[in-house]
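**Student:** Compact mmCIF, C-alpha atoms, file model-v8.txt:
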# COMPACT_ATOMS: atom_id res chain seq x y z
CA MET A 15 -17.90 19.27 13.65
CA ARG A 16 -17.81 19.44 9.85
CA ILE A 17 -16.02 16.29 8.64
CA ALA A 18 -15.23 15.05 5.14
CA VAL A 19 -15.19 11.31 4.51
CA ALA A 20 -13.02 9.79 1.78
CA MET A 21 -15.65 7.53 0.22
CA SER A 22 -14.14 4.81 -1.96
CA GLY A 23 -17.47 3.16 -2.74
CA GLY A 24 -16.72 0.28 -0.39
CA VAL A 25 -18.41 -0.84 2.79
CA ASP A 26 -15.73 0.46 5.18
CA SER A 27 -15.77 4.11 4.14
CA SER A 28 -19.56 4.00 3.82
CA VAL A 29 -19.95 2.84 7.42
CA ALA A 30 -17.35 5.39 8.52
CA ALA A 31 -19.65 8.10 7.14
CA ALA A 32 -22.67 6.54 8.82
CA VAL A 33 -20.90 6.36 12.20
CA LEU A 34 -19.98 10.04 12.03
CA LYS A 35 -23.51 11.00 10.99
CA ALA A 36 -24.90 9.06 13.96
CA GLN A 37 -22.53 10.96 16.25
CA GLY A 38 -24.12 14.22 15.13
CA HIS A 39 -21.37 15.55 12.89
CA GLU A 40 -21.98 17.48 9.68
CA VAL A 41 -20.62 15.00 7.14
CA LEU A 42 -19.87 15.25 3.44
CA GLY A 43 -18.40 12.68 1.08
CA LEU A 44 -15.34 13.01 -1.16
CA THR A 45 -14.67 10.46 -3.88
CA MET A 46 -11.59 10.45 -6.10
CA LYS A 47 -12.11 10.10 -9.84
CA LEU A 48 -8.90 8.50 -11.04
CA TRP A 49 -9.55 8.01 -14.74
CA ALA A 50 -9.41 10.71 -17.39
CA CYS A 51 -12.57 12.21 -18.85
CA SER A 52 -13.44 11.59 -22.47
CA ASN A 53 -11.71 13.95 -24.91
CA GLY A 54 -14.54 13.66 -27.38
CA SER A 55 -13.04 11.05 -29.69
CA ALA A 56 -14.94 7.88 -30.48
CA GLU A 57 -12.14 5.78 -29.00
CA ALA A 58 -12.09 7.78 -25.75
CA LYS A 59 -15.87 7.64 -25.41
CA ALA A 60 -15.85 3.88 -25.96
CA ARG A 61 -13.17 3.50 -23.28
CA GLU A 62 -15.17 5.62 -20.83
CA GLU A 63 -18.31 3.57 -21.48
CA GLU A 64 -16.30 0.41 -20.85
CA LEU A 65 -15.05 1.81 -17.54
CA MET A 66 -18.51 2.92 -16.42
CA SER A 67 -19.90 -0.55 -17.09
CA LYS A 68 -17.24 -2.13 -14.93
CA THR A 69 -18.84 -4.10 -12.10
CA ARG A 70 -15.91 -5.96 -10.64
CA GLY A 71 -15.69 -5.67 -6.88
CA ASP A 72 -12.08 -6.74 -6.45
CA VAL A 73 -10.51 -3.36 -7.18
CA CYS A 74 -10.94 0.02 -5.54
CA CYS A 75 -11.62 3.44 -7.05
CA SER A 76 -13.29 2.08 -10.22
CA PRO A 77 -16.07 4.05 -11.98
CA LYS A 78 -18.60 1.66 -10.40
CA ASP A 79 -17.23 2.63 -6.98
CA VAL A 80 -17.94 6.30 -7.69
CA LEU A 81 -21.57 5.46 -8.42
CA ASP A 82 -21.80 3.33 -5.26
CA ALA A 83 -20.35 6.15 -3.15
CA LYS A 84 -22.91 8.55 -4.62
CA ASP A 85 -25.75 6.13 -3.79
CA VAL A 86 -24.53 5.74 -0.19
CA ALA A 87 -24.20 9.49 0.29
CA HIS A 88 -27.75 9.95 -0.97
CA ALA A 89 -29.04 7.22 1.35
CA LEU A 90 -27.33 8.88 4.31
CA GLY A 91 -28.61 12.33 3.35
CA MET A 92 -25.19 13.95 2.92
CA PRO A 93 -23.53 16.02 0.20
CA HIS A 94 -21.18 14.17 -2.13
CA TYR A 95 -18.32 15.58 -4.22
CA VAL A 96 -16.39 13.81 -6.98
CA LEU A 97 -12.82 15.09 -7.22
CA GLU A 98 -10.93 15.02 -10.51
CA MET A 99 -7.59 13.53 -9.45
CA ALA A 100 -6.60 11.49 -12.50
CA GLU A 101 -3.60 13.66 -13.36
CA SER A 102 -2.06 13.62 -9.89
CA PHE A 103 -2.79 9.91 -9.46
CA SER A 104 -1.15 9.11 -12.79
CA HIS A 105 1.91 11.22 -12.01
CA LEU A 106 2.37 10.32 -8.34
CA VAL A 107 1.35 6.65 -8.33
CA ILE A 108 1.19 5.06 -11.78
CA ASP A 109 4.38 6.65 -13.12
CA GLN A 110 6.25 5.62 -9.99
CA PHE A 111 4.85 2.07 -10.29
CA ILE A 112 6.18 1.83 -13.86
CA ASP A 113 9.54 3.36 -12.94
CA GLU A 114 10.10 0.98 -10.03
CA TYR A 115 9.42 -2.14 -12.09
CA SER A 116 11.64 -0.73 -14.85
CA ARG A 117 14.48 -0.59 -12.31
CA GLY A 118 14.03 -4.18 -11.18
CA ARG A 119 12.11 -3.27 -8.03
CA THR A 120 8.69 -4.30 -6.72
CA PRO A 121 6.56 -1.23 -5.89
CA SER A 122 3.80 -0.77 -3.31
CA PRO A 123 1.26 1.43 -5.13
CA CYS A 124 -1.37 1.32 -2.39
CA VAL A 125 1.10 2.76 0.13
CA ARG A 126 2.15 5.44 -2.35
CA CYS A 127 -1.49 6.30 -3.04
CA ASN A 128 -2.21 6.73 0.67
CA GLU A 129 0.95 8.79 1.10
CA ARG A 130 0.82 11.04 -1.96
CA VAL A 131 -2.83 11.22 -3.01
CA LYS A 132 -5.21 10.32 -0.19
CA SER A 133 -3.42 11.66 2.88
CA LYS A 134 -2.15 14.85 1.27
CA GLY A 135 -4.50 15.46 -1.66
CA LEU A 136 -7.74 14.69 0.14
CA VAL A 137 -6.67 16.52 3.29
CA GLN A 138 -6.10 19.62 1.18
CA LYS A 139 -9.51 19.27 -0.53
CA ALA A 140 -11.25 18.75 2.80
CA LYS A 141 -9.68 21.91 4.22
CA GLU A 142 -10.71 23.87 1.13
CA LEU A 143 -14.30 22.81 1.81
CA GLY A 144 -14.09 24.10 5.37
CA CYS A 145 -13.88 20.71 7.05
CA GLU A 146 -12.24 20.31 10.45
CA ALA A 147 -11.24 16.67 9.83
CA LEU A 148 -10.97 14.01 7.15
CA ALA A 149 -12.17 10.48 7.89
CA THR A 150 -11.37 7.30 5.98
CA GLY A 151 -12.46 3.68 6.19
CA HIS A 152 -9.04 2.40 7.20
CA TYR A 153 -8.78 -0.19 9.96
CA ALA A 154 -6.36 1.74 12.14
CA ARG A 155 -6.50 3.96 15.23
CA ILE A 156 -5.05 7.26 16.36
CA ASP A 157 -4.35 8.40 19.90
CA ALA A 158 -1.89 10.51 21.89
CA ASP A 159 1.32 9.17 23.37
CA PRO A 160 0.82 9.57 27.15
CA ALA A 161 4.52 10.36 27.61
CA THR A 162 5.01 12.98 24.87
CA GLY A 163 1.56 14.03 23.75
CA ARG A 164 2.46 13.29 20.13
CA ARG A 165 -0.07 11.55 17.92
CA ARG A 166 0.36 7.80 17.50
CA LEU A 167 -0.77 5.48 14.72
CA ARG A 168 -1.98 2.17 16.09
CA MET A 169 -3.21 -1.07 14.56
CA GLY A 170 -6.93 -1.57 14.04
CA LEU A 171 -8.58 -3.76 16.64
CA ASP A 172 -9.53 -6.39 14.05
CA PRO A 173 -6.16 -8.16 13.50
CA GLU A 174 -7.33 -9.64 10.19
CA ARG A 175 -8.14 -6.19 8.79
CA ASP A 176 -5.47 -3.93 10.27
CA GLN A 177 -4.27 -1.45 7.60
CA SER A 178 -1.68 0.55 9.54
CA TYR A 179 0.97 -0.95 7.21
CA PHE A 180 -0.35 1.22 4.37
CA LEU A 181 -0.37 4.37 6.50
CA PHE A 182 3.18 4.44 7.85
CA PRO A 183 4.16 7.63 5.89
CA VAL A 184 1.56 9.85 7.66
CA ALA A 185 2.97 12.88 9.45
CA GLN A 186 2.03 14.35 12.82
CA ASP A 187 -0.08 17.16 11.33
CA GLU A 188 -1.96 14.65 9.17
CA LEU A 189 -2.65 12.40 12.16
CA THR A 190 -4.11 15.40 13.97
CA TYR A 191 -6.53 15.95 11.09
CA LEU A 192 -7.39 12.33 10.20
CA ARG A 193 -10.12 10.15 11.72
CA PHE A 194 -10.60 6.36 11.40
CA PRO A 195 -14.17 5.64 12.58
CA VAL A 196 -14.10 1.88 11.89
CA GLY A 197 -10.69 1.27 13.44
CA GLU A 198 -12.30 0.09 16.68
CA LEU A 199 -14.72 -2.29 14.91
CA PRO A 200 -14.47 -5.84 13.58
CA LYS A 201 -15.26 -6.28 9.90
CA LYS A 202 -18.31 -8.44 10.63
CA GLU A 203 -19.86 -5.62 12.65
CA VAL A 204 -19.12 -3.12 9.87
CA ARG A 205 -20.96 -5.27 7.34
CA ALA A 206 -23.85 -5.79 9.77
CA MET A 207 -24.18 -2.04 10.26
CA ALA A 208 -24.22 -1.49 6.50
CA ALA A 209 -26.93 -4.13 6.10
CA ASP A 210 -29.04 -2.61 8.90
CA LEU A 211 -28.83 0.76 7.14
CA GLY A 212 -29.80 -0.79 3.82
CA LEU A 213 -26.66 0.42 2.08
CA VAL A 214 -26.04 -0.98 -1.42
CA VAL A 215 -22.45 -1.85 -0.51
CA ALA A 216 -23.25 -4.07 2.49
CA ASP A 217 -22.22 -7.28 0.68
CA LYS A 218 -19.70 -5.75 -1.70
CA PRO A 219 -16.44 -7.77 -1.82
CA ASP A 220 -13.25 -6.25 -0.47
CA SER A 221 -10.85 -4.87 -3.06
CA GLN A 222 -7.92 -7.18 -3.72
CA GLU A 223 -6.14 -6.02 -6.86
CA ILE A 224 -4.26 -2.94 -8.04
CA CYS A 225 -6.97 -0.57 -9.24
CA PHE A 226 -5.23 0.53 -12.45
CA VAL A 227 -3.98 -2.90 -13.59
CA LYS A 228 -6.67 -4.83 -15.43
CA ASP A 229 -7.03 -8.47 -14.33
CA ASN A 230 -3.98 -7.97 -12.06
CA ASP A 231 -1.71 -8.67 -15.05
CA HIS A 232 1.05 -6.21 -14.24
CA ARG A 233 3.35 -7.69 -16.90
CA ARG A 234 0.87 -6.87 -19.67
CA PHE A 235 0.27 -3.42 -18.17
CA LEU A 236 4.01 -2.70 -18.16
CA ARG A 237 4.45 -3.96 -21.70
CA ASP A 238 1.80 -1.48 -22.83
CA LYS A 239 3.17 1.45 -20.81
CA ALA A 240 6.92 0.82 -20.82
CA PRO A 241 7.91 -1.59 -23.61
CA GLN A 242 11.50 -0.35 -23.33
CA SER A 243 11.72 -2.16 -19.98
CA PHE A 244 11.45 -5.55 -21.68
CA VAL A 245 14.99 -6.20 -22.90
CA PRO A 246 15.83 -9.90 -23.25
CA GLY A 247 18.68 -11.23 -21.15
CA PRO A 248 20.08 -14.27 -19.35
CA ILE A 249 18.55 -16.28 -16.55
CA LEU A 250 21.40 -17.36 -14.31
CA TYR A 251 21.66 -19.92 -11.57
CA GLU A 252 23.13 -18.29 -8.48
CA ASP A 253 26.54 -19.83 -9.22
CA GLY A 254 26.70 -17.90 -12.53
CA ARG A 255 25.62 -20.62 -14.97
CA GLU A 256 23.19 -19.51 -17.67
CA ILE A 257 20.14 -21.77 -17.55
CA GLY A 258 17.65 -19.85 -19.64
CA ARG A 259 16.60 -16.55 -21.16
CA HIS A 260 14.09 -13.93 -20.04
CA ASP A 261 12.21 -11.28 -22.04
CA GLY A 262 12.56 -8.42 -19.55
CA LEU A 263 13.37 -7.87 -15.87
CA ALA A 264 10.11 -5.97 -15.38
CA GLY A 265 8.25 -9.28 -15.54
CA TYR A 266 9.97 -10.75 -12.46
CA THR A 267 9.92 -10.21 -8.70
CA VAL A 268 11.97 -11.63 -5.84
CA GLY A 269 10.40 -14.84 -4.54
CA GLN A 270 8.63 -15.64 -7.82
CA ARG A 271 8.41 -19.32 -8.76
CA ARG A 272 5.78 -19.55 -11.47
CA GLY A 273 6.39 -18.60 -15.08
CA LEU A 274 10.18 -18.99 -15.00
CA LYS A 275 10.24 -21.43 -17.96
CA VAL A 276 13.35 -23.16 -16.69
CA ALA A 277 13.60 -26.95 -16.29
CA TRP A 278 15.62 -27.91 -13.20
CA THR A 279 16.06 -30.74 -10.77
CA GLU A 280 14.58 -28.75 -7.86
CA ALA A 281 12.15 -25.87 -7.38
CA LEU A 282 13.77 -22.56 -8.30
CA TYR A 283 12.85 -19.03 -7.28
CA VAL A 284 13.90 -15.53 -8.27
CA VAL A 285 16.44 -14.58 -5.62
CA ARG A 286 17.74 -11.37 -7.19
CA LEU A 287 17.44 -9.11 -10.24
CA ASP A 288 20.82 -7.94 -11.51
CA MET A 289 20.31 -4.66 -13.37
CA GLU A 290 23.97 -4.33 -14.43
CA ARG A 291 23.93 -7.66 -16.25
CA ASN A 292 20.19 -7.49 -17.11
CA ALA A 293 19.98 -10.92 -15.49
CA VAL A 294 17.40 -12.83 -13.48
CA ILE A 295 19.16 -14.81 -10.75
CA LEU A 296 17.52 -18.05 -9.65
CA GLY A 297 18.21 -20.30 -6.69
CA PRO A 298 16.57 -22.68 -4.21
CA ASP A 299 14.22 -21.54 -1.47
CA ALA A 300 17.11 -21.52 1.02
CA SER A 301 18.69 -18.61 -0.89
CA LEU A 302 15.65 -16.39 -0.27
CA TRP A 303 16.16 -16.13 3.50
CA GLU A 304 17.94 -13.06 4.90
CA HIS A 305 18.82 -11.76 8.36
CA ALA A 306 19.02 -8.04 7.61
CA LEU A 307 18.05 -5.33 5.15
CA GLU A 308 18.76 -1.70 4.33
CA ALA A 309 15.83 0.69 3.89
CA ARG A 310 15.80 4.26 2.56
CA GLU A 311 13.48 7.25 2.95
CA MET A 312 12.68 6.26 6.51
CA HIS A 313 9.68 8.04 7.98
CA TRP A 314 9.27 8.10 11.76
CA ILE A 315 5.75 8.95 12.90
CA ALA A 316 6.97 10.57 16.11
CA GLY A 317 8.91 13.06 14.00
CA GLU A 318 12.37 11.79 14.88
CA ALA A 319 14.31 8.55 14.58
CA PRO A 320 14.53 6.26 17.61
CA PRO A 321 17.98 5.73 19.13
CA GLU A 322 20.29 3.16 17.57
CA GLY A 323 19.71 -0.34 18.85
CA VAL A 324 16.02 0.08 19.69
CA ARG A 325 14.05 -3.14 19.58
CA ALA A 326 10.92 -3.37 17.42
CA GLU A 327 8.90 -5.71 15.23
CA ALA A 328 9.03 -5.44 11.44
CA LYS A 329 6.72 -6.43 8.60
CA ILE A 330 8.25 -6.64 5.12
CA ARG A 331 4.89 -7.21 3.41
CA TYR A 332 1.29 -6.44 4.33
CA ARG A 333 0.17 -10.00 5.01
CA GLY A 334 3.52 -11.08 6.44
CA ALA A 335 4.18 -11.91 10.07
CA SER A 336 5.85 -9.39 12.37
CA VAL A 337 9.45 -10.33 13.13
CA PRO A 338 11.43 -9.07 16.17
CA CYS A 339 14.32 -6.89 15.07
CA THR A 340 16.90 -4.29 16.04
CA LEU A 341 16.86 -0.84 14.40
CA LEU A 342 19.98 1.00 13.32
CA PRO A 343 18.83 4.41 11.95
CA LYS A 344 21.38 6.42 9.95
CA SER A 345 21.85 10.19 9.68
CA ASP A 346 21.12 10.13 5.93
CA GLY A 347 17.53 8.97 6.47
CA SER A 348 18.22 5.30 5.81
CA ALA A 349 18.28 2.47 8.33
CA GLU A 350 19.56 -1.04 8.79
CA ILE A 351 17.09 -3.53 10.20
CA HIS A 352 18.51 -6.73 11.70
CA PHE A 353 16.08 -9.58 12.31
CA ASP A 354 16.21 -12.06 15.17
CA HIS A 355 15.53 -14.83 12.67
CA ALA A 356 15.66 -14.98 8.90
CA VAL A 357 12.86 -13.53 6.76
CA ARG A 358 11.94 -14.77 3.30
CA ALA A 359 12.05 -12.86 0.00
CA VAL A 360 13.28 -9.39 0.92
CA SER A 361 12.07 -7.41 -2.10
CA PRO A 362 13.63 -4.03 -3.02
CA GLY A 363 10.91 -1.44 -3.56
CA GLN A 364 8.52 -2.90 -1.00
CA ALA A 365 7.74 -1.19 2.30
CA VAL A 366 9.16 -2.33 5.63
CA VAL A 367 6.95 -1.14 8.49
CA LEU A 368 8.02 -1.09 12.12
CA TYR A 369 6.00 -1.54 15.29
CA ASN A 370 6.26 -1.45 19.05
CA GLY A 371 3.40 -3.70 20.00
CA ASP A 372 0.34 -2.25 18.26
CA VAL A 373 1.95 1.18 17.78
CA CYS A 374 3.33 1.86 14.31
CA LEU A 375 6.73 3.55 14.63
CA GLY A 376 7.09 4.29 10.93
CA GLY A 377 8.78 2.61 8.03
CA GLY A 378 10.70 2.99 4.80
CA TRP A 379 11.43 1.47 1.42
CA ILE A 380 13.54 -1.64 1.11
CA GLU A 381 16.75 -0.93 -0.77
CA ARG A 382 18.51 -4.29 -0.51
CA ALA A 383 19.05 -7.34 1.62
CA LEU A 384 22.20 -7.37 3.75
CA LYS A 385 24.36 -10.39 4.30
CA ALA A 386 25.49 -9.07 7.70
CA GLY A 387 24.51 -11.08 10.74
CA ARG A 388 22.59 -9.78 13.69
CA PRO A 389 24.12 -6.95 15.71
CA ALA A 390 25.23 -7.57 19.26
CA ALA A 391 22.09 -5.98 20.70
CA ALA A 392 19.90 -8.50 18.90
CA ALA A 393 22.14 -11.41 19.86
CA ARG A 394 21.82 -10.54 23.56
CA ALA A 395 18.02 -10.18 23.42
Any chance you could put this one into structure tokens?
**Tutor:**
Amino acid sequence: MRIAVAMSGGVDSSVAAAVLKAQGHEVLGLTMKLWACSNGSAEAKAREEELMSKTRGDVCCSPKDVLDAKDVAHALGMPHYVLEMAESFSHLVIDQFIDEYSRGRTPSPCVRCNERVKSKGLVQKAKELGCEALATGHYARIDADPATGRRRLRMGLDPERDQSYFLFPVAQDELTYLRFPVGELPKKEVRAMAADLGLVVADKPDSQEICFVKDNDHRRFLRDKAPQSFVPGPILYEDGREIGRHDGLAGYTVGQRRGLKVAWTEALYVVRLDMERNAVILGPDASLWEHALEAREMHWIAGEAPPEGVRAEAKIRYRGASVPCTLLPKSDGSAEIHFDHAVRAVSPGQAVVLYNGDVCLGGGWIERALKAGRPAAAARA
């Protein structure tokens, strides 16, 4: 089988390519180039040289990663293609990131990248090159539902590395085409395989930060890209008292404690961003806990919503714990999710991902916390 591998320049996608080569497949590598080429000006050339010298290992898709992917492909004796995807990445991921923060929301750019660029863009490129499948280095698994025959997305076997959270928007046709060769492996074994093969990425650190935000300073990034989002306004205690001033809602997220610059008798947190009043609302930790939320743009991997009242487990952030819940899908593509016990810091703009055991049912984008209590179905459970 002719298979393309999305090579990010990290150890996981490199080993994914090696596994497929060892299985006898015809393998080629695809690497996304997400920064613009030099336009010939001295300033642009200097910026490109700065990018190419970048050696940090805590972000993905950097210029250094492209060089690492090329080295791995050469070591494995496989063709390697660099795909110019800066324009689509900027439009589909970066612009949305800026827009969400400008509206007082907290975006999930890695999920959007998987949904809009990797899953769809790379699948299209792989098909254009005559490939029968696209593989990635994600820690997730795909199989068929024994009852319906539909494709299922399942957690990776290594619980510390599972990445199914980032993949919840994948559709049935994409799951048919995708492969996750390291989904059955623990991370330690992946690194050992890379070392045995002598790959340059064997000890490369895992990416941790947003690839397009230097030093993970999203406030500085937003000030550069969207200065109009930084309009000063009041910081209010949750009872309505003004207790300080802020320099722009885009610099705050729900659950934030540091950098508030407010003196108070107890620890305060951002509990809400009020766009109408351009206000940051602060309160104690107890005010961050919610029993329900509303999500929009729900995507169900099976192709249809489950019946109202179905039980599931939900994650409202990647590293968060799964919480038992009851699902109430709506005909407009939204859903209410009622938790068996309160969850902390429900953040509009973040993804909520739903599971039945290790099977990912789908997910959506958090619109708002709900003050409603648990539905009767959850109370009886």
**Student:** Just to confirm, what's the straight-line distance from CA of Asp299 (chain A) to CA of Glu174 (chain A) in Å (one decimal)?
**Tutor:**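 So the answer is 27.2 Å.
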**Student:** Taking (9.9, 6.6, 4.5) in the file's own coordinates, collect the residues within 7 Å, counting all atoms listed in the file, and hand them back as a list in words.
**Tutor:**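 Every residue inside that radius is included here: Pro183, Arg310, Glu311, Met312, His313, Gly377, Gly378 and Trp379 of chain A.
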**Student:** What is the distance between CA of Asp172 (chain A) and CA of Pro200 (chain A), in Å to one decimal?
**Tutor:** 5.0 Å
**Student:** So what do you get for CA of Gln242 (chain A) versus CA of Arg272 (chain A), distance-wise?
**Tutor:**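 Going from CA of Gln242 (chain A) over to CA of Arg272 (chain A), I get 23.3 Å.
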**Student:** Tell me which of A:Phe180, A:Arg193, A:Arg164, A:Gly23 sits closest to Tyr332 (chain A), counting all atoms listed in the file.
**Tutor:**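 Nearest to Tyr332 (chain A): A:Phe180.
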**Student:** Within 6 Å of region 322-331 of chain A, counting only C-alpha atoms, which residues show up once you throw out same-chain ones fewer than 4 positions away? Write them as a list of chain:residue names, please.
**Tutor:** A:Ser336, A:Val337, A:Pro338, A:Cys339, A:Thr340, A:Leu341, A:Leu342, A:Pro343, A:Val366, A:Val367, A:Leu368, A:Tyr369, A:Asn370
**Student:** Between A:His232, A:Asp354, A:Lys47, A:Ala319, single out the one closest to Glu304 (chain A), counting all atoms listed in the file.
**Tutor:**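 Closest candidate: A:Asp354.
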**Student:** Name all residues at most 9 Å from Arg126 (chain A) (count all atoms listed in the file; drop same-chain ones fewer than 3 positions away) and give them as a ChimeraX atom specification.
**Tutor:** /A:106-107,110,121-123,129-131,180,183
**Student:** Taking only C-alpha atoms into account, produce a table as a Markdown table in which each residue of region 271-387 of chain A with an atom at most 12 Å from an atom of region 248-251 of chain A appears once, together with its shortest atom pair and the distance in Å to one decimal, ordered by chain and rising number.
**Tutor:**
| residue | atom | partner | partner_atom | distance |
| --- | --- | --- | --- | --- |
| A:Leu274 | CA | A:Ile249 | CA | 8.9 |
| A:Lys275 | CA | A:Ile249 | CA | 9.9 |
| A:Val276 | CA | A:Ile249 | CA | 8.6 |
| A:Ala277 | CA | A:Tyr251 | CA | 11.7 |
| A:Trp278 | CA | A:Tyr251 | CA | 10.1 |
| A:Glu280 | CA | A:Tyr251 | CA | 11.9 |
| A:Ala281 | CA | A:Tyr251 | CA | 12.0 |
| A:Leu282 | CA | A:Tyr251 | CA | 8.9 |
| A:Tyr283 | CA | A:Tyr251 | CA | 9.8 |
| A:Val284 | CA | A:Tyr251 | CA | 9.5 |
| A:Val285 | CA | A:Tyr251 | CA | 9.5 |
| A:Arg286 | CA | A:Leu250 | CA | 10.0 |
| A:Leu287 | CA | A:Ile249 | CA | 9.6 |
| A:Asp288 | CA | A:Leu250 | CA | 9.8 |
| A:Met289 | CA | A:Pro248 | CA | 11.3 |
| A:Glu290 | CA | A:Pro248 | CA | 11.8 |
| A:Arg291 | CA | A:Pro248 | CA | 8.3 |
| A:Asn292 | CA | A:Pro248 | CA | 7.1 |
| A:Ala293 | CA | A:Pro248 | CA | 5.1 |
| A:Val294 | CA | A:Ile249 | CA | 4.8 |
| A:Ile295 | CA | A:Leu250 | CA | 4.9 |
| A:Leu296 | CA | A:Tyr251 | CA | 4.9 |
| A:Gly297 | CA | A:Tyr251 | CA | 6.0 |
| A:Pro298 | CA | A:Tyr251 | CA | 9.4 |
| A:Ser301 | CA | A:Tyr251 | CA | 11.2 |
**Student:** Select, from A:Ser104, A:Ser28, A:Ser116, A:Ser221, the residue with the minimum atom-to-atom distance to Phe244 (chain A), counting only C-alpha atoms.
**Tutor:**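 Smallest separation from Phe244 (chain A) among the options: A:Ser116.
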**Student:** Distance cut-off 10 Å, centre (-19.0, 2.7, 5.6) in file coordinates, counting all atoms listed in the file: which residues qualify? Return them as a list in words.
**Tutor:**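 Protein, DNA and RNA residues close to (-19.0, 2.7, 5.6): Val19, Met21, Ser22, Gly23, Gly24, Val25, Asp26, Ser27, Ser28, Val29, Ala30, Ala31, Ala32, Val33, Leu34, Ala83, Val86, Thr150, Gly151, Pro195, Val196, Val204, Arg205, Met207, Ala208, Leu213, Val215 and Ala216 of chain A.
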**Student:** Which residue is closest to Phe235 (chain A)? Choose from A:Tyr115, A:His260, A:Cys124, A:Cys374 and count only C-alpha atoms.
**Tutor:** A:Tyr115
**Student:** Which residue is closest to Asp85 (chain A)? Choose from A:Pro362, A:Glu40, A:Ala149, A:Gly212 and count all atoms listed in the file.
**Tutor:**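 The shortest atom-to-atom distance to Asp85 (chain A) comes from A:Gly212.
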**Student:** Name the closest residue to Glu350 (chain A) among the candidates A:Ala335, A:Ala383, A:Leu136, A:Ala300; distances are taken between atoms, counting only C-alpha atoms.
**Tutor:**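 Ranking A:Ala335, A:Ala383, A:Leu136, A:Ala300 by distance to Glu350 (chain A), first place goes to A:Ala383.
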